[in-house]
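*Asks:* Pasting a structure below so you can have a look.
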Amino acid sequence: MKRIQLHDKIFEPYIDKNTIAQAVSNLAKKIEEYAGSDSIVFIVVLKGSFIFAADLAKQYTKEAVFEFYRLKSYEGTYSSGNVNILVDIEADLIKGKRVVVLEDIVDTGNTLEKIMSELAKKQPADLKIATLFYKPNAYKKDIPLDFIGIEIPNVFIVGYGLDYDELGRNLPEIYRLKKEKMIDFILFGPPGAGKGTQAKIIKDKLGLTYIATGDMFRNHIKNETPLGIKAKEFIQRGDLVPDEITIDMIKEIISDPEVKGLIFDGFPRTVKQAEFLDKLMSEKDLIIDALIALDVPEELLVNRLLERGKTSGRSDDNEETIKYRLQQYHTKTEPVKEYYQNQGKYYEVDGVGSIEEVNQRLLDVISKIKLRDRT
Ligand code: AMP
């Protein structure tokens with residue numbers, strides 16, 4: 001796909017020339033029907049409408065006059081509430097005339113509201129609005145739109161007269177701002193490394209979805225679901241729950257179409273789970289961007305888990321089970337590192353220090369990964 005860059009942002013093709021030409025031609029016909037045998041004063045709203053107005057003018061076969069109105073309504077990629085008139089229209093040019101305003105796009109309706117109220121003061125015989133693009137989900141006003149070309153969702157577009165900070169107006173078709181990809185990663189490490197603590201902070205800071213298989217299992221056990229009943233004995237003795245059971249549980253979560261921007265904590269815990277996760281993500285057109293491992297020495301892990309055991313109420317936070325869980329980690333889970341190392345997605349972070357210190361190290365690595373994926 002042919003992507004382009006304007007200033008700091010990447011745009012991708014969205015609406016092709018033919019679709020636009022068809023919409024312009026339909027609008028010209030509808031306005032001709034409305035005009036009947038009267039002359040129309042078209043008000044071209046600059047700068048965005050200059051190409052639309054020129055193409056519509058060429059299709060419009062009845063008597064018409066063109067006037068130009070220049071407003072400025074936004075800075076950057078969002079609509080601000082402020083609309084200034086830069087080039088006005090003399091009142092006697094439209095007084096008593098049938099007027100059709102030509103807009104490139106109606107977004108929130110802020111610009112449109114200003115235009116309609118200003119033009120109404122100049123007492124036209126009739127005042128209509130024709131817009132090439134319309135974002136119904138962004139529109140906040142009650143003013144009815146008389147002629148609409150193409151309805152689009154609430155996305156930022158450029159081309160065919162529309163700009164991003166003045167660039168992109170000369171593109172012959174419409175491009176949309178490329179959605180910023182959300183990062184999907186695995187927070188990895190032995191029991192007690194601080195994955196849960198850190199994941200919860202990062203989730204809030206970056207607006208991600210947190211998936212912790214251990215928490216999910218504990219919920220199932222608490223609610224005595226069939227899955228909880230199956231998982232309970234494994235968890236109590238510090239064993240891994242069999243892959244099939246874990247995979248089924250994960251499948252249900254990831255299959256939600258809204259789910260993206262995932263932090264995995266406690267999954268994948270075996271190479272088989274990692275392979276399965278890659279498959280499941282690719283079916284959703286997603287990819288695991290990284291595995292970030294928290295590195296903490298073993299003595300510290302045991303101390304942290306014993307401390308946690310005093311308040312967590314977790315039956316697996318006792319000395320014997322902790323040792324067994326660490327052993328399970330080394331034999332079954334550590335090979336997952338290599339699986340992602342081979343894909344060039346392995347990152348390691350020093351997990352010793354205050355929660356804030358470790359968090360900052362993780363955020364630094366995450367920005368590095370985002371930069372890597374952009375280039
Ligand atoms: P955690 O809360 O991550 O320490 O997980 C607690 C326990 O849940 C583990 O010791 C396992 O018994 C079980 N568990 C959590 N995630 C998985 C997984 N991906 N595969 C197998 N068992 C898991």
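Convention: chains lettered A, B, ... in structure tokens order; per-chain residue numbering from 1; ligands numbered from 1 as shown.
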What's the 12 Å shell around Asp142 of chain A, counting only C-alpha atoms, without same-chain residues fewer than 6 positions away, as an MDAnalysis selection string?
*Replies:* chainID A and resid 108:110 112:113 116 136
*Asks:* May I have the residues from that selection written out with N, CA, C and O atoms, as a compact mmCIF listing (two decimals), in the first residue's frame?
*Replies:*
```txt
# COMPACT_ATOMS: atom_id res chain seq x y z
N THR A 108 -17.14 18.51 13.30
CA THR A 108 -17.95 18.80 14.49
C THR A 108 -19.12 19.71 14.15
O THR A 108 -20.13 19.71 14.85
N GLY A 109 -18.98 20.49 13.08
CA GLY A 109 -20.03 21.45 12.71
C GLY A 109 -19.73 22.86 13.20
O GLY A 109 -20.49 23.79 12.95
N ASN A 110 -18.59 23.04 13.91
CA ASN A 110 -18.23 24.37 14.42
C ASN A 110 -18.10 25.40 13.30
O ASN A 110 -18.66 26.49 13.38
N LEU A 112 -19.23 25.15 10.22
CA LEU A 112 -20.51 25.28 9.52
C LEU A 112 -21.46 26.22 10.26
O LEU A 112 -22.11 27.09 9.65
N GLU A 113 -21.52 26.07 11.57
CA GLU A 113 -22.41 26.90 12.37
C GLU A 113 -22.06 28.39 12.20
O GLU A 113 -22.93 29.24 12.02
N MET A 116 -23.03 29.54 8.59
CA MET A 116 -24.47 29.70 8.39
C MET A 116 -25.00 30.93 9.12
O MET A 116 -25.83 31.67 8.59
N PRO A 136 -20.72 11.81 10.42
CA PRO A 136 -21.91 11.85 11.29
C PRO A 136 -21.58 11.63 12.77
O PRO A 136 -22.23 12.20 13.65
```
*Asks:* Can you check which parts of chain A lie within 6 Å of ligand 1? Per residue, the shortest pair of atoms and distance in Å to one decimal, counting only C-alpha atoms and all ligand atoms, sorted by chain and number, as JSON lines.
*Replies:*
```
{"residue": "A:Pro191", "atom": "CA", "partner": "ligand 1", "partner_atom_place_in_ligand_line": "4 (O)", "distance": 5.4}
{"residue": "A:Thr213", "atom": "CA", "partner": "ligand 1", "partner_atom_place_in_ligand_line": "16 (N)", "distance": 4.3}
{"residue": "A:Gly214", "atom": "CA", "partner": "ligand 1", "partner_atom_place_in_ligand_line": "2 (O)", "distance": 3.4}
{"residue": "A:Asp215", "atom": "CA", "partner": "ligand 1", "partner_atom_place_in_ligand_line": "2 (O)", "distance": 5.6}
{"residue": "A:Phe234", "atom": "CA", "partner": "ligand 1", "partner_atom_place_in_ligand_line": "12 (O)", "distance": 5.5}
{"residue": "A:Ile235", "atom": "CA", "partner": "ligand 1", "partner_atom_place_in_ligand_line": "12 (O)", "distance": 3.7}
{"residue": "A:Gly238", "atom": "CA", "partner": "ligand 1", "partner_atom_place_in_ligand_line": "10 (O)", "distance": 4.8}
{"residue": "A:Asp239", "atom": "CA", "partner": "ligand 1", "partner_atom_place_in_ligand_line": "12 (O)", "distance": 4.9}
{"residue": "A:Leu240", "atom": "CA", "partner": "ligand 1", "partner_atom_place_in_ligand_line": "22 (N)", "distance": 3.8}
{"residue": "A:Val241", "atom": "CA", "partner": "ligand 1", "partner_atom_place_in_ligand_line": "22 (N)", "distance": 3.8}
{"residue": "A:Pro242", "atom": "CA", "partner": "ligand 1", "partner_atom_place_in_ligand_line": "21 (C)", "distance": 5.9}
{"residue": "A:Thr246", "atom": "CA", "partner": "ligand 1", "partner_atom_place_in_ligand_line": "20 (N)", "distance": 5.5}
{"residue": "A:Gly266", "atom": "CA", "partner": "ligand 1", "partner_atom_place_in_ligand_line": "3 (O)", "distance": 4.3}
{"residue": "A:Phe267", "atom": "CA", "partner": "ligand 1", "partner_atom_place_in_ligand_line": "19 (N)", "distance": 4.0}
{"residue": "A:Pro268", "atom": "CA", "partner": "ligand 1", "partner_atom_place_in_ligand_line": "19 (N)", "distance": 4.9}
{"residue": "A:Arg269", "atom": "CA", "partner": "ligand 1", "partner_atom_place_in_ligand_line": "19 (N)", "distance": 4.5}
```
*Asks:* Figure out the distance between atom CA of Val24 of chain A and atom CA of Asp104 of chain A, please, to one decimal in Å.
*Replies:*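 Between atom CA of Asp104 of chain A and atom CA of Val24 of chain A the gap is 10.7 Å.
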*Asks:* Using only C-alpha atoms, pick whichever of A:Ala28, A:Ile287, A:Leu227, A:Ala23 has the shortest atom-to-atom distance to Glu151 of chain A.
*Replies:*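 With only C-alpha atoms as the atom set, the closest residue is A:Ala23.
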*Asks:* With distances taken over only C-alpha atoms, which residue among A:Ala120, A:Phe156, A:Asn359, A:Thr19 lies nearest Gly196 of chain A?
*Replies:*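 Residue with the minimum atom-to-atom distance to Gly196 of chain A: A:Asn359.
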*Asks:* Taking 3 positions as the minimum chain separation for residues in the same chain, which residues sit within 10 Å of segment 273-280 of chain A when counting only C-alpha atoms? Answer as a VMD selection string.
*Replies:* chain A and resid 243 to 244 246 to 247 250 to 251 254 to 255 267 to 270 283 to 288 333 336 to 337 339 to 340
*Asks:* Counting only C-alpha atoms, give me one row per residue of segment 229-341 of chain A with an atom at most 9 Å from an atom of segment 163-183 of chain A, showing the shortest contact pair and its distance in Å to one decimal, sorted by chain then residue number, as CSV.
*Replies:*
```
residue,atom,partner,partner_atom,distance
A:Lys260,CA,A:Met182,CA,7.0
A:Gly261,CA,A:Met182,CA,4.9
A:Leu262,CA,A:Ile183,CA,7.0
A:Ile263,CA,A:Ile183,CA,8.4
A:Ile287,CA,A:Ile183,CA,8.9
A:Ile288,CA,A:Ile183,CA,7.9
A:Asp289,CA,A:Ile183,CA,6.4
A:Ala290,CA,A:Ile183,CA,8.5
```
*Asks:* When you count only C-alpha atoms, which of these residues is closest to Pro13 of chain A: A:Ile157, A:Asn303, A:Lys95, A:Glu233?
*Replies:*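 Of the candidates, the smallest distance to Pro13 of chain A is held by A:Ile157.
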*Asks:* Would you work out the distance separating atom CA of Lys203 of chain A from atom CA of Ser312 of chain A, expressed in Å to one decimal?
*Replies:*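 Those two atoms sit 21.5 Å apart.
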*Asks:* Using DSSP assignments from the backbone, pull out every residue in segment 91-216 of chain A that falls under alpha helix (DSSP H) and give it to me as a ChimeraX atom specification.
*Replies:* /A:110-120,195-206,213-216
*Asks:* So what do you get for atom CA of Lys121 of chain A versus atom CA of Ala138 of chain A, distance-wise?
*Replies:*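 These atoms are spaced 26.6 Å apart.
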*Asks:* Do a neighbour search on Asp55 of chain A at 10 Å with only C-alpha atoms, toss out local chain neighbours closer than 3 positions, and write the hits as a list in words.
*Replies:*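 Counting only the stated atoms, we get Ala21, Val24, Ser25, Ala28, Ser49, Phe50, Ile51, Phe52, Lys58, Gln59 and Tyr60 of chain A.
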*Asks:* Based on the selection just made, write N, CA, C and O atoms of those residues as a CSV table (one decimal), in the first residue's frame.
*Replies:*
```csv
chain,number,residue,atom,x,y,z
A,21,ALA,N,-15.0,11.3,-7.7
A,21,ALA,CA,-15.6,11.9,-8.9
A,21,ALA,C,-17.1,11.6,-9.0
A,21,ALA,O,-17.9,12.5,-9.3
A,24,VAL,N,-19.0,13.8,-6.5
A,24,VAL,CA,-19.1,15.2,-6.9
A,24,VAL,C,-20.1,15.3,-8.0
A,24,VAL,O,-21.0,16.2,-8.0
A,25,SER,N,-20.1,14.4,-8.9
A,25,SER,CA,-21.1,14.4,-10.0
A,25,SER,C,-22.5,14.3,-9.5
A,25,SER,O,-23.4,15.0,-9.9
A,28,ALA,N,-23.6,17.6,-8.0
A,28,ALA,CA,-23.9,18.6,-9.0
A,28,ALA,C,-25.3,18.4,-9.5
A,28,ALA,O,-26.1,19.3,-9.7
A,49,SER,N,-12.0,23.7,0.2
A,49,SER,CA,-13.0,23.3,-0.9
A,49,SER,C,-12.6,23.6,-2.3
A,49,SER,O,-13.4,23.5,-3.2
A,50,PHE,N,-11.3,24.1,-2.4
A,50,PHE,CA,-11.0,24.7,-3.8
A,50,PHE,C,-11.0,23.6,-4.9
A,50,PHE,O,-11.5,23.9,-6.0
A,51,ILE,N,-10.6,22.4,-4.6
A,51,ILE,CA,-10.6,21.3,-5.6
A,51,ILE,C,-12.0,20.8,-5.8
A,51,ILE,O,-12.5,20.7,-7.0
A,52,PHE,N,-12.7,20.6,-4.7
A,52,PHE,CA,-14.1,20.1,-4.8
A,52,PHE,C,-14.9,21.1,-5.6
A,52,PHE,O,-15.7,20.7,-6.5
A,58,LYS,N,-17.2,22.3,-12.9
A,58,LYS,CA,-17.1,21.7,-14.3
A,58,LYS,C,-18.3,20.8,-14.6
A,58,LYS,O,-18.6,20.6,-15.8
A,59,GLN,N,-18.9,20.2,-13.6
A,59,GLN,CA,-20.1,19.3,-13.8
A,59,GLN,C,-21.4,20.1,-13.8
A,59,GLN,O,-22.4,19.5,-14.2
A,60,TYR,N,-21.4,21.3,-13.3
A,60,TYR,CA,-22.7,22.0,-13.0
A,60,TYR,C,-23.0,22.8,-14.3
A,60,TYR,O,-22.2,23.6,-14.8
```
*Asks:* Please provide as a ChimeraX atom specification all residues within 9 Å of Asp317 of chain A, with the sequence filter that same-chain residues fewer than 4 positions apart are discarded (counting only C-alpha atoms).
*Replies:* /A:305-310,312-313,321-322
*Asks:* What would the file look like if the residues just selected were written as a CSV table (one decimal), in the first residue's frame with C-alpha atoms?
*Replies:*
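Result file follows (again37.csv):
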```csv
chain,number,residue,atom,x,y,z
A,305,LEU,CA,7.2,-14.5,47.6
A,306,LEU,CA,7.5,-15.4,51.3
A,307,GLU,CA,6.7,-11.8,52.2
A,308,ARG,CA,3.8,-11.7,49.8
A,309,GLY,CA,2.5,-15.1,51.3
A,310,LYS,CA,1.9,-13.3,54.6
A,312,SER,CA,-1.8,-12.6,49.7
A,313,GLY,CA,-3.8,-15.5,50.9
A,321,THR,CA,5.7,-24.7,46.7
A,322,ILE,CA,7.8,-21.6,45.9
```
*Asks:* My list of candidates is A:Gly48, A:Pro297, A:Gly351, A:Pro124. Which is closest to Val100 of chain A when distances are computed with only C-alpha atoms?
*Replies:* A:Pro124
*Asks:* Give the strand (DSSP E) residues of segment 74-191 of chain A, as DSSP finds them on the backbone, and put them as a PyMOL selection string.
*Replies:* chain A and resi 74-75+78-87+98-106+126-134+147-151+157-158+174-177+185-188
*Asks:* Could you check the closest approach to Val271 of chain A for each of A:Arg3, A:Lys332, A:Lys232, A:Lys205 and tell me which residue wins, using only C-alpha atoms?
*Replies:*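 Using only C-alpha atoms, Val271 of chain A sits closest to A:Lys332.
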*Asks:* Residues within 12 Å of Glu320 of chain A, please, as a count of residues only. Count only C-alpha atoms; anything in the same chain fewer than 4 positions from it doesn't count.
*Replies:* 12
